[in-house]
>>> print(open('target06.pdb').read())   # PDB, C-alpha atoms
MODEL        1
ATOM      1  CA  MET W  73       4.702  19.725 -11.283
ATOM      2  CA  LYS W  74       2.067  19.773  -8.554
ATOM      3  CA  VAL W  75       1.129  16.441  -6.961
ATOM      4  CA  PHE W  76      -1.840  15.919  -4.642
ATOM      5  CA  VAL W  77      -1.415  13.036  -2.170
ATOM      6  CA  ALA W  78      -4.621  11.707  -0.623
ATOM      7  CA  GLY W  79      -3.577  10.001   2.592
ATOM      8  CA  GLY W  80      -0.633  12.322   3.090
ATOM      9  CA  SER W  81       0.026  11.495   6.738
ATOM     10  CA  GLY W  82      -0.848   7.795   6.756
ATOM     11  CA  ALA W  83       1.655   4.954   6.746
ATOM     12  CA  MET W  84       2.286   5.374   3.030
ATOM     13  CA  GLY W  85       2.116   9.164   3.023
ATOM     14  CA  ARG W  86       4.809   9.396   5.678
ATOM     15  CA  ARG W  87       7.219   7.552   3.390
ATOM     16  CA  LEU W  88       6.003   9.145   0.162
ATOM     17  CA  VAL W  89       5.532  12.864   0.821
ATOM     18  CA  PRO W  90       9.115  13.707   1.892
ATOM     19  CA  ARG W  91      10.518  11.855  -1.116
ATOM     20  CA  LEU W  92       8.241  13.709  -3.503
ATOM     21  CA  VAL W  93       9.403  17.010  -2.041
ATOM     22  CA  ALA W  94      13.042  15.916  -2.244
ATOM     23  CA  GLU W  95      12.592  15.141  -5.933
ATOM     24  CA  GLY W  96      11.342  18.629  -6.634
ATOM     25  CA  TYR W  97       7.580  18.143  -6.802
ATOM     26  CA  GLU W  98       5.199  20.714  -5.357
ATOM     27  CA  VAL W  99       3.122  18.613  -2.977
ATOM     28  CA  ALA W 100      -0.325  19.170  -1.507
ATOM     29  CA  ALA W 101      -0.960  16.469   1.102
ATOM     30  CA  MET W 102      -4.479  15.737   2.317
ATOM     31  CA  THR W 103      -5.086  14.548   5.867
ATOM     32  CA  ARG W 104      -8.140  14.630   8.097
ATOM     33  CA  ASP W 105      -5.988  15.115  11.214
ATOM     34  CA  GLU W 106      -5.023  18.746  11.841
ATOM     35  CA  SER W 107      -2.289  17.639  14.249
ATOM     36  CA  ARG W 108      -0.354  16.236  11.260
ATOM     37  CA  ALA W 109      -0.244  19.601   9.494
ATOM     38  CA  PRO W 110       2.930  20.866  11.228
ATOM     39  CA  TRP W 111       4.899  17.796  10.131
ATOM     40  CA  LEU W 112       3.644  18.065   6.569
ATOM     41  CA  SER W 113       4.685  21.709   6.497
ATOM     42  CA  ALA W 114       8.063  20.865   8.027
ATOM     43  CA  VAL W 115       8.880  18.402   5.249
ATOM     44  CA  GLY W 116       7.905  20.928   2.590
ATOM     45  CA  ALA W 117       4.353  19.951   1.685
ATOM     46  CA  GLN W 118       1.182  22.037   1.713
ATOM     47  CA  PRO W 119      -1.195  20.509   4.280
ATOM     48  CA  VAL W 120      -4.814  20.159   3.166
ATOM     49  CA  ILE W 121      -7.293  19.237   5.909
ATOM     50  CA  ALA W 122     -10.253  17.209   4.648
ATOM     51  CA  ASP W 123     -12.171  14.041   5.495
ATOM     52  CA  ALA W 124     -11.784  11.650   2.563
ATOM     53  CA  LEU W 125     -15.439  10.604   2.870
ATOM     54  CA  ASP W 126     -16.755  14.180   2.792
ATOM     55  CA  ARG W 127     -17.544  14.721  -0.880
ATOM     56  CA  ALA W 128     -17.702  18.514  -0.785
ATOM     57  CA  ALA W 129     -14.513  18.798   1.270
ATOM     58  CA  VAL W 130     -12.564  16.518  -1.081
ATOM     59  CA  ARG W 131     -13.778  18.307  -4.196
ATOM     60  CA  ALA W 132     -12.817  21.655  -2.658
ATOM     61  CA  ALA W 133      -9.419  20.346  -1.594
ATOM     62  CA  VAL W 134      -8.547  19.113  -5.075
ATOM     63  CA  ALA W 135      -9.957  22.231  -6.735
ATOM     64  CA  GLY W 136      -7.847  24.429  -4.490
ATOM     65  CA  ALA W 137      -4.662  22.512  -5.265
ATOM     66  CA  ARG W 138      -5.282  22.090  -9.027
ATOM     67  CA  PRO W 139      -2.769  19.240  -9.273
ATOM     68  CA  GLU W 140      -1.449  17.705 -12.462
ATOM     69  CA  VAL W 141      -1.221  14.341 -10.691
ATOM     70  CA  ILE W 142      -3.228  12.786  -7.867
ATOM     71  CA  ILE W 143      -1.821   9.884  -5.837
ATOM     72  CA  HIS W 144      -4.610   8.064  -3.986
ATOM     73  CA  GLN W 145      -3.163   6.226  -0.977
ATOM     74  CA  LEU W 146      -6.260   6.181   1.221
ATOM     75  CA  THR W 147      -6.688   3.044   3.340
ATOM     76  CA  ALA W 148      -7.447   2.120   6.945
ATOM     77  CA  LEU W 149      -5.338  -1.009   7.340
ATOM     78  CA  SER W 150      -3.730  -0.338  10.718
ATOM     79  CA  GLY W 151      -4.368  -3.128  13.207
ATOM     80  CA  VAL W 152      -6.244  -5.468  10.849
ATOM     81  CA  THR W 153      -5.390  -9.052  11.887
ATOM     82  CA  ASP W 154      -8.724 -10.906  11.877
ATOM     83  CA  PHE W 155      -8.878 -13.188   8.836
ATOM     84  CA  LYS W 156     -12.098 -14.812  10.056
ATOM     85  CA  HIS W 157     -14.015 -11.519   9.755
ATOM     86  CA  PHE W 158     -11.986 -10.131   6.866
ATOM     87  CA  ASP W 159     -14.597  -7.905   5.224
ATOM     88  CA  ARG W 160     -15.559  -6.404   8.564
ATOM     89  CA  GLY W 161     -11.949  -5.401   9.216
ATOM     90  CA  PHE W 162     -11.651  -3.891   5.746
ATOM     91  CA  ALA W 163     -14.995  -2.061   5.815
ATOM     92  CA  LEU W 164     -13.533   1.450   6.049
ATOM     93  CA  THR W 165     -10.797   0.697   3.508
ATOM     94  CA  ASN W 166     -13.509  -0.577   1.164
ATOM     95  CA  ARG W 167     -15.377   2.722   1.510
ATOM     96  CA  LEU W 168     -12.196   4.651   0.787
ATOM     97  CA  ARG W 169     -11.662   2.517  -2.335
ATOM     98  CA  THR W 170     -15.209   3.193  -3.554
ATOM     99  CA  GLU W 171     -16.679   6.454  -2.239
ATOM    100  CA  GLY W 172     -13.279   7.985  -1.611
ATOM    101  CA  THR W 173     -12.142   7.179  -5.143
ATOM    102  CA  ASP W 174     -15.302   8.691  -6.638
ATOM    103  CA  TYR W 175     -14.844  11.953  -4.746
ATOM    104  CA  LEU W 176     -11.204  12.272  -5.745
ATOM    105  CA  LEU W 177     -12.039  11.573  -9.391
ATOM    106  CA  GLU W 178     -14.783  14.204  -9.333
ATOM    107  CA  GLY W 179     -12.243  16.681  -8.030
ATOM    108  CA  ALA W 180      -9.679  15.560 -10.597
ATOM    109  CA  ARG W 181     -12.047  16.161 -13.504
ATOM    110  CA  ALA W 182     -12.964  19.611 -12.226
ATOM    111  CA  ALA W 183      -9.313  20.523 -11.679
ATOM    112  CA  GLY W 184      -8.087  19.239 -15.048
ATOM    113  CA  THR W 185      -5.821  16.618 -13.473
ATOM    114  CA  ARG W 186      -3.825  14.689 -16.070
ATOM    115  CA  ARG W 187      -2.833  11.487 -14.231
ATOM    116  CA  PHE W 188      -4.429   9.590 -11.348
ATOM    117  CA  ILE W 189      -2.389   6.930  -9.503
ATOM    118  CA  ALA W 190      -4.342   4.727  -7.109
ATOM    119  CA  GLN W 191      -3.349   2.172  -4.520
ATOM    120  CA  SER W 192      -4.751  -1.240  -5.403
ATOM    121  CA  TYR W 193      -3.718  -4.725  -4.298
ATOM    122  CA  GLY W 194      -2.239  -7.778  -5.947
ATOM    123  CA  ASN W 195      -1.942 -11.138  -4.176
ATOM    124  CA  TRP W 196      -4.889 -12.955  -2.606
ATOM    125  CA  ASN W 197      -7.264 -11.387  -5.147
ATOM    126  CA  TYR W 198      -5.762 -13.331  -8.076
ATOM    127  CA  ALA W 199      -7.364 -16.634  -9.050
ATOM    128  CA  PRO W 200      -5.649 -19.604  -7.371
ATOM    129  CA  GLY W 201      -4.590 -22.815  -9.061
ATOM    130  CA  GLY W 202      -2.036 -23.552 -11.722
ATOM    131  CA  THR W 203       1.639 -22.762 -11.410
ATOM    132  CA  GLY W 204       3.843 -19.711 -11.654
ATOM    133  CA  LEU W 205       3.488 -16.103 -10.596
ATOM    134  CA  ARG W 206       0.455 -14.075 -11.623
ATOM    135  CA  THR W 207       0.797 -11.192 -14.063
ATOM    136  CA  GLU W 208      -1.522  -8.258 -14.667
ATOM    137  CA  GLN W 209      -3.167 -10.269 -17.459
ATOM    138  CA  ASP W 210      -4.331 -13.013 -15.116
ATOM    139  CA  PRO W 211      -7.902 -12.920 -13.772
ATOM    140  CA  PHE W 212      -8.971 -12.127 -10.242
ATOM    141  CA  ASP W 213     -10.465 -14.907  -8.147
ATOM    142  CA  PRO W 214     -13.980 -15.611  -9.490
ATOM    143  CA  ALA W 215     -14.980 -17.382  -6.278
ATOM    144  CA  PRO W 216     -13.204 -15.883  -3.246
ATOM    145  CA  PRO W 217     -14.150 -16.949   0.283
ATOM    146  CA  ALA W 218     -17.503 -15.458   1.274
ATOM    147  CA  ASN W 219     -15.952 -13.152   3.843
ATOM    148  CA  GLN W 220     -13.625 -11.630   1.253
ATOM    149  CA  LYS W 221     -16.131 -10.833  -1.474
ATOM    150  CA  ARG W 222     -16.800  -7.225  -0.447
ATOM    151  CA  SER W 223     -13.100  -6.446  -0.232
ATOM    152  CA  LEU W 224     -12.454  -7.940  -3.669
ATOM    153  CA  ALA W 225     -15.391  -5.963  -5.066
ATOM    154  CA  ALA W 226     -13.836  -2.762  -3.668
ATOM    155  CA  ILE W 227     -10.500  -3.577  -5.342
ATOM    156  CA  ARG W 228     -12.290  -4.144  -8.635
ATOM    157  CA  TYR W 229     -14.151  -0.874  -8.149
ATOM    158  CA  VAL W 230     -11.124   1.342  -7.598
ATOM    159  CA  GLU W 231      -9.344  -0.179 -10.576
ATOM    160  CA  ASN W 232     -12.312   0.107 -12.930
ATOM    161  CA  ALA W 233     -13.057   3.668 -11.844
ATOM    162  CA  VAL W 234      -9.494   4.871 -12.248
ATOM    163  CA  MET W 235      -8.576   3.039 -15.447
ATOM    164  CA  ASN W 236     -11.842   4.035 -17.143
ATOM    165  CA  ALA W 237     -11.869   7.679 -16.055
ATOM    166  CA  GLY W 238     -12.234   9.307 -19.466
ATOM    167  CA  GLY W 239      -9.695  12.033 -20.127
ATOM    168  CA  ILE W 240      -7.474  11.007 -17.195
ATOM    169  CA  GLU W 241      -4.477   8.659 -17.343
ATOM    170  CA  GLY W 242      -5.389   6.083 -14.714
ATOM    171  CA  ILE W 243      -2.824   3.808 -13.079
ATOM    172  CA  ALA W 244      -3.580   1.142 -10.466
ATOM    173  CA  LEU W 245      -0.614  -0.036  -8.419
ATOM    174  CA  ARG W 246      -1.350  -3.563  -7.243
ATOM    175  CA  TYR W 247       0.807  -3.584  -4.150
ATOM    176  CA  GLY W 248       1.808  -6.783  -2.423
ATOM    177  CA  ASN W 249       1.577  -7.089   1.346
ATOM    178  CA  PHE W 250       3.122  -4.055   2.996
ATOM    179  CA  TYR W 251       5.817  -4.393   5.605
ATOM    180  CA  GLY W 252       8.017  -1.878   7.369
ATOM    181  CA  PRO W 253       7.241   1.402   9.191
ATOM    182  CA  GLY W 254       3.617   2.004  10.063
ATOM    183  CA  THR W 255       2.315  -1.400   8.929
ATOM    184  CA  GLY W 256       1.146  -4.545  10.667
ATOM    185  CA  PHE W 257       4.544  -5.968   9.765
ATOM    186  CA  ASP W 258       6.413  -3.182  11.555
ATOM    187  CA  VAL W 259       8.730  -4.249  14.363
ATOM    188  CA  ASP W 260       5.943  -3.243  16.767
ATOM    189  CA  GLY W 261       3.070  -3.895  14.350
ATOM    190  CA  SER W 262      -0.067  -5.923  14.978
ATOM    191  CA  MET W 263       0.957  -8.883  12.799
ATOM    192  CA  VAL W 264       4.408  -9.048  14.349
ATOM    193  CA  ALA W 265       2.762  -9.004  17.782
ATOM    194  CA  GLN W 266       0.801 -12.098  16.726
ATOM    195  CA  VAL W 267       4.036 -13.763  15.619
ATOM    196  CA  ARG W 268       5.731 -12.970  18.934
ATOM    197  CA  LYS W 269       2.811 -14.559  20.796
ATOM    198  CA  ARG W 270       2.834 -17.581  18.430
ATOM    199  CA  ARG W 271      -0.744 -16.774  17.433
ATOM    200  CA  LEU W 272       0.009 -16.819  13.701
ATOM    201  CA  PRO W 273       0.608 -20.471  12.835
ATOM    202  CA  VAL W 274       1.437 -22.189   9.561
ATOM    203  CA  VAL W 275      -1.860 -23.746   8.467
ATOM    204  CA  GLY W 276      -1.699 -27.052   6.614
ATOM    205  CA  ASP W 277       1.314 -27.190   4.347
ATOM    206  CA  GLY W 278       1.639 -23.390   4.286
ATOM    207  CA  SER W 279       1.766 -23.402   0.490
ATOM    208  CA  GLY W 280      -0.036 -20.078   0.011
ATOM    209  CA  VAL W 281       2.454 -17.730  -1.694
ATOM    210  CA  TRP W 282       2.678 -14.160  -0.390
ATOM    211  CA  SER W 283       4.115 -11.233  -2.306
ATOM    212  CA  PHE W 284       5.612  -8.560  -0.049
ATOM    213  CA  VAL W 285       6.748  -4.996  -0.662
ATOM    214  CA  HIS W 286       8.546  -2.690   1.744
ATOM    215  CA  MET W 287       6.838   0.658   2.327
ATOM    216  CA  ASP W 288       9.788   2.601   0.929
ATOM    217  CA  ASP W 289       9.718   0.509  -2.245
ATOM    218  CA  ALA W 290       5.969   1.008  -2.519
ATOM    219  CA  ALA W 291       6.441   4.771  -2.230
ATOM    220  CA  ALA W 292       9.162   4.669  -4.875
ATOM    221  CA  ALA W 293       6.797   2.905  -7.276
ATOM    222  CA  ALA W 294       4.191   5.645  -6.848
ATOM    223  CA  ILE W 295       6.810   8.273  -7.674
ATOM    224  CA  ALA W 296       7.966   6.302 -10.701
ATOM    225  CA  ALA W 297       4.376   6.149 -11.966
ATOM    226  CA  ILE W 298       4.133   9.940 -12.127
ATOM    227  CA  ALA W 299       6.309  10.140 -15.210
ATOM    228  CA  HIS W 300       6.473   6.569 -16.498
ATOM    229  CA  GLY W 301       4.126   3.836 -17.622
ATOM    230  CA  ALA W 302       1.051   3.719 -19.791
ATOM    231  CA  PRO W 303      -2.353   3.740 -18.086
ATOM    232  CA  GLY W 304      -3.192   0.349 -16.627
ATOM    233  CA  ALA W 305      -2.425  -1.968 -13.719
ATOM    234  CA  TYR W 306       1.018  -2.816 -12.344
ATOM    235  CA  ASN W 307       1.989  -5.441  -9.764
ATOM    236  CA  VAL W 308       4.338  -3.831  -7.240
ATOM    237  CA  ALA W 309       6.087  -6.443  -5.113
ATOM    238  CA  ASP W 310       9.562  -7.714  -4.383
ATOM    239  CA  ASP W 311      11.459 -10.198  -6.528
ATOM    240  CA  GLU W 312      10.846 -13.323  -4.459
ATOM    241  CA  PRO W 313       7.294 -14.213  -3.417
ATOM    242  CA  LEU W 314       7.482 -16.903  -0.731
ATOM    243  CA  PRO W 315       5.096 -19.524   0.659
ATOM    244  CA  VAL W 316       3.870 -19.086   4.211
ATOM    245  CA  SER W 317       5.919 -22.126   5.265
ATOM    246  CA  VAL W 318       9.050 -20.127   4.379
ATOM    247  CA  TRP W 319       8.353 -16.466   5.150
ATOM    248  CA  LEU W 320       6.614 -16.947   8.494
ATOM    249  CA  PRO W 321       9.573 -18.737  10.164
ATOM    250  CA  LEU W 322      11.897 -16.116   8.634
ATOM    251  CA  LEU W 323       9.832 -13.327  10.186
ATOM    252  CA  ALA W 324       9.769 -15.064  13.560
ATOM    253  CA  GLU W 325      13.547 -15.418  13.487
ATOM    254  CA  ALA W 326      14.014 -11.767  12.457
ATOM    255  CA  VAL W 327      12.016 -10.473  15.448
ATOM    256  CA  GLY W 328      13.499 -12.922  17.936
ATOM    257  CA  ALA W 329      10.337 -14.980  18.347
ATOM    258  CA  LYS W 330       9.949 -18.720  18.669
ATOM    259  CA  PRO W 331       9.222 -20.592  15.429
ATOM    260  CA  PRO W 332       5.538 -20.553  14.456
ATOM    261  CA  MET W 333       3.356 -23.479  15.346
ATOM    262  CA  HIS W 334       1.910 -25.755  12.654
ATOM    263  CA  VAL W 335      -1.775 -26.616  12.735
ATOM    264  CA  PRO W 336      -3.963 -28.782  10.460
ATOM    265  CA  VAL W 337      -6.368 -27.168   8.020
ATOM    266  CA  TRP W 338      -9.457 -28.086  10.056
ATOM    267  CA  LEU W 339      -8.105 -26.285  13.104
ATOM    268  CA  GLY W 340      -6.974 -23.321  11.021
ATOM    269  CA  ARG W 341     -10.498 -23.042   9.619
ATOM    270  CA  LEU W 342     -11.983 -22.952  13.123
ATOM    271  CA  ALA W 343      -9.618 -20.180  14.195
ATOM    272  CA  ALA W 344      -9.222 -18.096  11.028
ATOM    273  CA  GLY W 345     -12.129 -19.137   8.829
ATOM    274  CA  ALA W 346     -12.087 -19.848   5.118
ATOM    275  CA  VAL W 347     -10.143 -16.649   4.417
ATOM    276  CA  GLY W 348      -7.332 -17.650   6.764
ATOM    277  CA  VAL W 349      -7.070 -21.102   5.210
ATOM    278  CA  SER W 350      -7.059 -19.592   1.730
ATOM    279  CA  MET W 351      -4.347 -17.092   2.638
ATOM    280  CA  MET W 352      -2.246 -19.848   4.143
ATOM    281  CA  THR W 353      -2.708 -22.591   1.570
ATOM    282  CA  ARG W 354      -3.989 -21.482  -1.834
ATOM    283  CA  ILE W 355      -3.148 -17.908  -2.887
ATOM    284  CA  PRO W 356      -0.581 -17.331  -5.674
ATOM    285  CA  GLY W 357       2.330 -14.894  -5.747
ATOM    286  CA  THR W 358       2.674 -12.073  -8.281
ATOM    287  CA  SER W 359       5.244 -11.063 -10.879
ATOM    288  CA  ASN W 360       6.716  -7.545 -10.784
ATOM    289  CA  ALA W 361       8.182  -7.771 -14.306
ATOM    290  CA  LYS W 362       5.841  -5.215 -15.865
ATOM    291  CA  ALA W 363       6.477  -2.576 -13.195
ATOM    292  CA  LYS W 364      10.217  -3.046 -13.517
ATOM    293  CA  ALA W 365      10.117  -2.814 -17.314
ATOM    294  CA  GLU W 366       7.572  -0.022 -17.802
ATOM    295  CA  LEU W 367       7.842   2.110 -14.673
ATOM    296  CA  GLY W 368      11.623   1.891 -14.464
ATOM    297  CA  TRP W 369      11.211   0.776 -10.849
ATOM    298  CA  ALA W 370      13.037  -1.887  -8.873
ATOM    299  CA  PRO W 371      12.729  -2.751  -5.185
ATOM    300  CA  ARG W 372      15.544  -1.777  -2.864
ATOM    301  CA  TYR W 373      14.602  -4.763  -0.706
ATOM    302  CA  ARG W 374      14.633  -7.450  -3.376
ATOM    303  CA  THR W 375      13.299 -10.075  -0.983
ATOM    304  CA  CYS W 376      11.640 -10.099   2.412
ATOM    305  CA  ARG W 377      14.467 -12.390   3.534
ATOM    306  CA  GLU W 378      16.552  -9.214   3.601
ATOM    307  CA  GLY W 379      13.746  -6.778   4.461
ATOM    308  CA  PHE W 380      12.563  -8.603   7.554
ATOM    309  CA  ARG W 381      16.077  -8.387   8.996
ATOM    310  CA  HIS W 382      16.814  -4.772   8.119
ATOM    311  CA  GLY W 383      13.603  -2.941   7.188
ATOM    312  CA  LEU W 384      10.968  -3.536   9.862
ATOM    313  CA  GLY W 385      11.836  -0.636  12.163
ATOM    314  CA  ASP W 386      10.662   2.952  11.788
ATOM    315  CA  VAL W 387      13.784   4.279  10.119
ATOM    316  CA  PRO W 388      13.420   8.052   9.518
ATOM    317  CA  VAL W 389      13.208   9.264   5.955
ATOM    318  CA  PRO W 390      16.756  10.493   5.235
ATOM    319  CA  GLY W 391      17.127  14.214   5.810
ATOM    320  CA  PHE W 392      13.690  14.801   7.304
ATOM    321  CA  GLY W 393      14.021  13.872  10.958
ATOM    322  CA  PRO W 394      11.462  11.934  13.002
ATOM    323  CA  LEU W 395       8.178  10.872  11.499
ATOM    324  CA  PRO W 396       4.793  11.423  13.169
ATOM    325  CA  ALA W 397       3.140   8.516  14.950
ATOM    326  CA  SER W 398       1.008   6.277  12.773
ATOM    327  CA  SER W 399      -2.722   6.985  12.684
TER     328      SER W 399
ENDMDL
END
>>> encode(input="target06.pdb", output="structure tokens")
Amino acid sequence: MKVFVAGGSGAMGRRLVPRLVAEGYEVAAMTRDESRAPWLSAVGAQPVIADALDRAAVRAAVAGARPEVIIHQLTALSGVTDFKHFDRGFALTNRLRTEGTDYLLEGARAAGTRRFIAQSYGNWNYAPGGTGLRTEQDPFDPAPPANQKRSLAAIRYVENAVMNAGGIEGIALRYGNFYGPGTGFDVDGSMVAQVRKRRLPVVGDGSGVWSFVHMDDAAAAAIAAIAHGAPGAYNVADDEPLPVSVWLPLLAEAVGAKPPMHVPVWLGRLAAGAVGVSMMTRIPGTSNAKAKAELGWAPRYRTCREGFRHGLGDVPVPGFGPLPASS
């Protein structure tokens, strides 16, 4: 089976592509950076050079590959740490989730692609309030902070486009917050750097619940979705969502940093805006039960308690040598 990976040399692609090859898939991996082509070839994939926001180039890339399955992992999340100007930091990712999705779907229809698996998100976008973990049946936040509205609209867009693409089996993987190689929660990542400098405090009571997923577990879910699961949305996160008041001190301890500071809500709002306060005090965690039951997937790192201690570093994909530097 031929699989086309959009974002083949990004943080996710670098964990996903070698595993797809190892499992016997014929992989065409799209990247805009020609310098990544040698690594993609070395791990057994066919490099495809194209800018994800160039409609003609994307259509031609997909048409040339004629894949049965497309895995859309296009984002630009590296280095995003500014909660106060959230939508500004996510502007390029939002374009990739809207324009980029449209171009890939156009190519998919022309190529006769059967299944389209897209990266979505599942945590802060769910409606707050109430108790318990959110499932795929729960609504998204009808009134997110003003500086998060564009990013939520982009998440809605990619999901609606993919799951309503007539004639194509559309799956949206609502990933939790990524950690591990190539992410902000890498051992040398931008978020960890903030923790080391004690610039990421617990705001208020720190009751906002975060769902995490290690990059290798996220890649495994995408592979599972190739052959399993009905079209629809799936939360992909570990087994133990944790409030900020718990996971942030755990992360600080894992990287040898001092415990995070605690600041009142009013001060948190001045520093991180309404989005930062929301992320720290009101967001709900998500349930992975559907993904486990229907995709046949389970996280290797069942909790970030374990993952923060053992999974933050850039551990090479087994059998494939060193990975290229993150873009």
>>> closest_residue(input="target06.pdb", among="W:Glu171, W:Asp159, W:Ala109, W:Val152", to="W:Ala218", atoms="only C-alpha atoms")
W:Asp159
>>> closest_residue(input="target06.pdb", among="W:Ala343, W:Leu384, W:Ala180, W:Ala305", to="W:Asp260", atoms="all atoms listed in the file")
W:Leu384
>>> atom_distance(input="target06.pdb", atom1="atom CA of W:Val316", atom2="atom CA of W:Ser279")
6.1 Å
>>> closest_residue(input="target06.pdb", among="W:Tyr251, W:Phe188, W:Phe212, W:Tyr97", to="W:Gly239", atoms="all atoms listed in the file")
W:Phe188
>>> closest_residue(input="target06.pdb", among="W:Pro303, W:Pro200, W:Pro110, W:Pro214", to="W:Arg186", atoms="only C-alpha atoms")
W:Pro303
>>> residues_near_point(input="target06.pdb", point="(-10.8, -17.8, 2.4)", cutoff="8 Å", atoms="all atoms listed in the file", output="list in words")
Pro216, Pro217, Ala218, Asn219, Gln220, Gly345, Ala346, Val347, Gly348, Val349, Ser350 and Met351 of chain W
>>> write_last_selection(input="target06.pdb", atoms="C-alpha atoms", output="mmCIF file, in the frame of the given file")
data_model
loop_
_atom_site.group_PDB
_atom_site.id
_atom_site.type_symbol
_atom_site.label_atom_id
_atom_site.label_comp_id
_atom_site.auth_asym_id
_atom_site.auth_seq_id
_atom_site.Cartn_x
_atom_site.Cartn_y
_atom_site.Cartn_z
ATOM 1 C CA PRO W 216 -13.204 -15.883 -3.246
ATOM 2 C CA PRO W 217 -14.150 -16.949 0.283
ATOM 3 C CA ALA W 218 -17.503 -15.458 1.274
ATOM 4 C CA ASN W 219 -15.952 -13.152 3.843
ATOM 5 C CA GLN W 220 -13.625 -11.630 1.253
ATOM 6 C CA GLY W 345 -12.129 -19.137 8.829
ATOM 7 C CA ALA W 346 -12.087 -19.848 5.118
ATOM 8 C CA VAL W 347 -10.143 -16.649 4.417
ATOM 9 C CA GLY W 348 -7.332 -17.650 6.764
ATOM 10 C CA VAL W 349 -7.070 -21.102 5.210
ATOM 11 C CA SER W 350 -7.059 -19.592 1.730
ATOM 12 C CA MET W 351 -4.347 -17.092 2.638
#
>>> atom_distance(input="target06.pdb", atom1="atom CA of W:Gly276", atom2="atom CA of W:Trp319")
14.7 Å
>>> atom_distance(input="target06.pdb", atom1="atom CA of W:Arg377", atom2="atom CA of W:Gly85")
24.8 Å
>>> resolve_selection(input="target06.pdb", expression="the PyMOL selection byres ((chain W and resi 145) around 7)", output="list of chain:residue names")
W:Ala78, W:Gly79, W:Met84, W:Ile143, W:His144, W:Leu146, W:Thr147, W:Ala190, W:Gln191
>>> residues_around(input="target06.pdb", residues="stretch 201-206 of chain W", least_positions_apart="4", cutoff="12 Å", atoms="all atoms listed in the file", output="ChimeraX atom specification")
/W:194-197,210-214,246,248,279-283,306-309,311-315,350,353-362
>>> closest_residue(input="target06.pdb", among="W:Val267, W:Ala163, W:Val230, W:Ala290", to="W:Glu325", atoms="all atoms listed in the file")
W:Val267
>>> residues_around(input="target06.pdb", residues="W:Ala101", least_positions_apart="2", cutoff="10 Å", atoms="all atoms listed in the file", output="ChimeraX atom specification")
/W:75-81,85,89,98-99,103,109,112-113,117-122,133,137,142-143
>>> residues_around(input="target06.pdb", residues="W:Phe162", least_positions_apart="5", cutoff="9 Å", atoms="all atoms listed in the file", output="list in words")
Thr147, Ala148, Leu149, Val152, His157, Arg167, Arg222 and Ser223 of chain W
>>> closest_residue(input="target06.pdb", among="W:Gly172, W:Gly254, W:Gly179, W:Gly82", to="W:Asp105", atoms="all atoms listed in the file")
W:Gly82
>>> resolve_selection(input="target06.pdb", expression="the PyMOL selection byres ((chain W and resi 373) around 12)", output="list in words")
Tyr251, Gly252, Phe284, Val285, His286, Met287, Asp288, Asp289, Ala290, Ala292, Ala309, Asp310, Asp311, Glu312, Ala370, Pro371, Arg372, Arg374, Thr375, Cys376, Arg377, Glu378, Gly379, Phe380, Arg381, His382, Gly383 and Leu384 of chain W
>>> resolve_selection(input="target06.pdb", expression="the PyMOL selection byres ((chain W and resi 262) around 12)", output="NGL selection string")
:W and (149-154 or 251-261 or 263-269 or 271-272)
>>> residues_around(input="target06.pdb", residues="stretch 293-298 of chain W", least_positions_apart="3", cutoff="8 Å", atoms="all atoms listed in the file", output="list in words")
Leu88, Leu92, Val141, Ile143, Arg187, Ile189, Ile243, Leu245, Asp289, Ala290, Gly301, Val308, Leu367, Gly368 and Trp369 of chain W
>>> axis_aligned_box(input="target06.pdb", around="stretch 138-150 of chain W", padding_each_side="8 Å", output="lines of an AutoDock Vina configuration file")
center_x = -4.3
center_y = 10.5
center_z = -0.9
size_x = 22.2
size_y = 39.1
size_z = 39.2
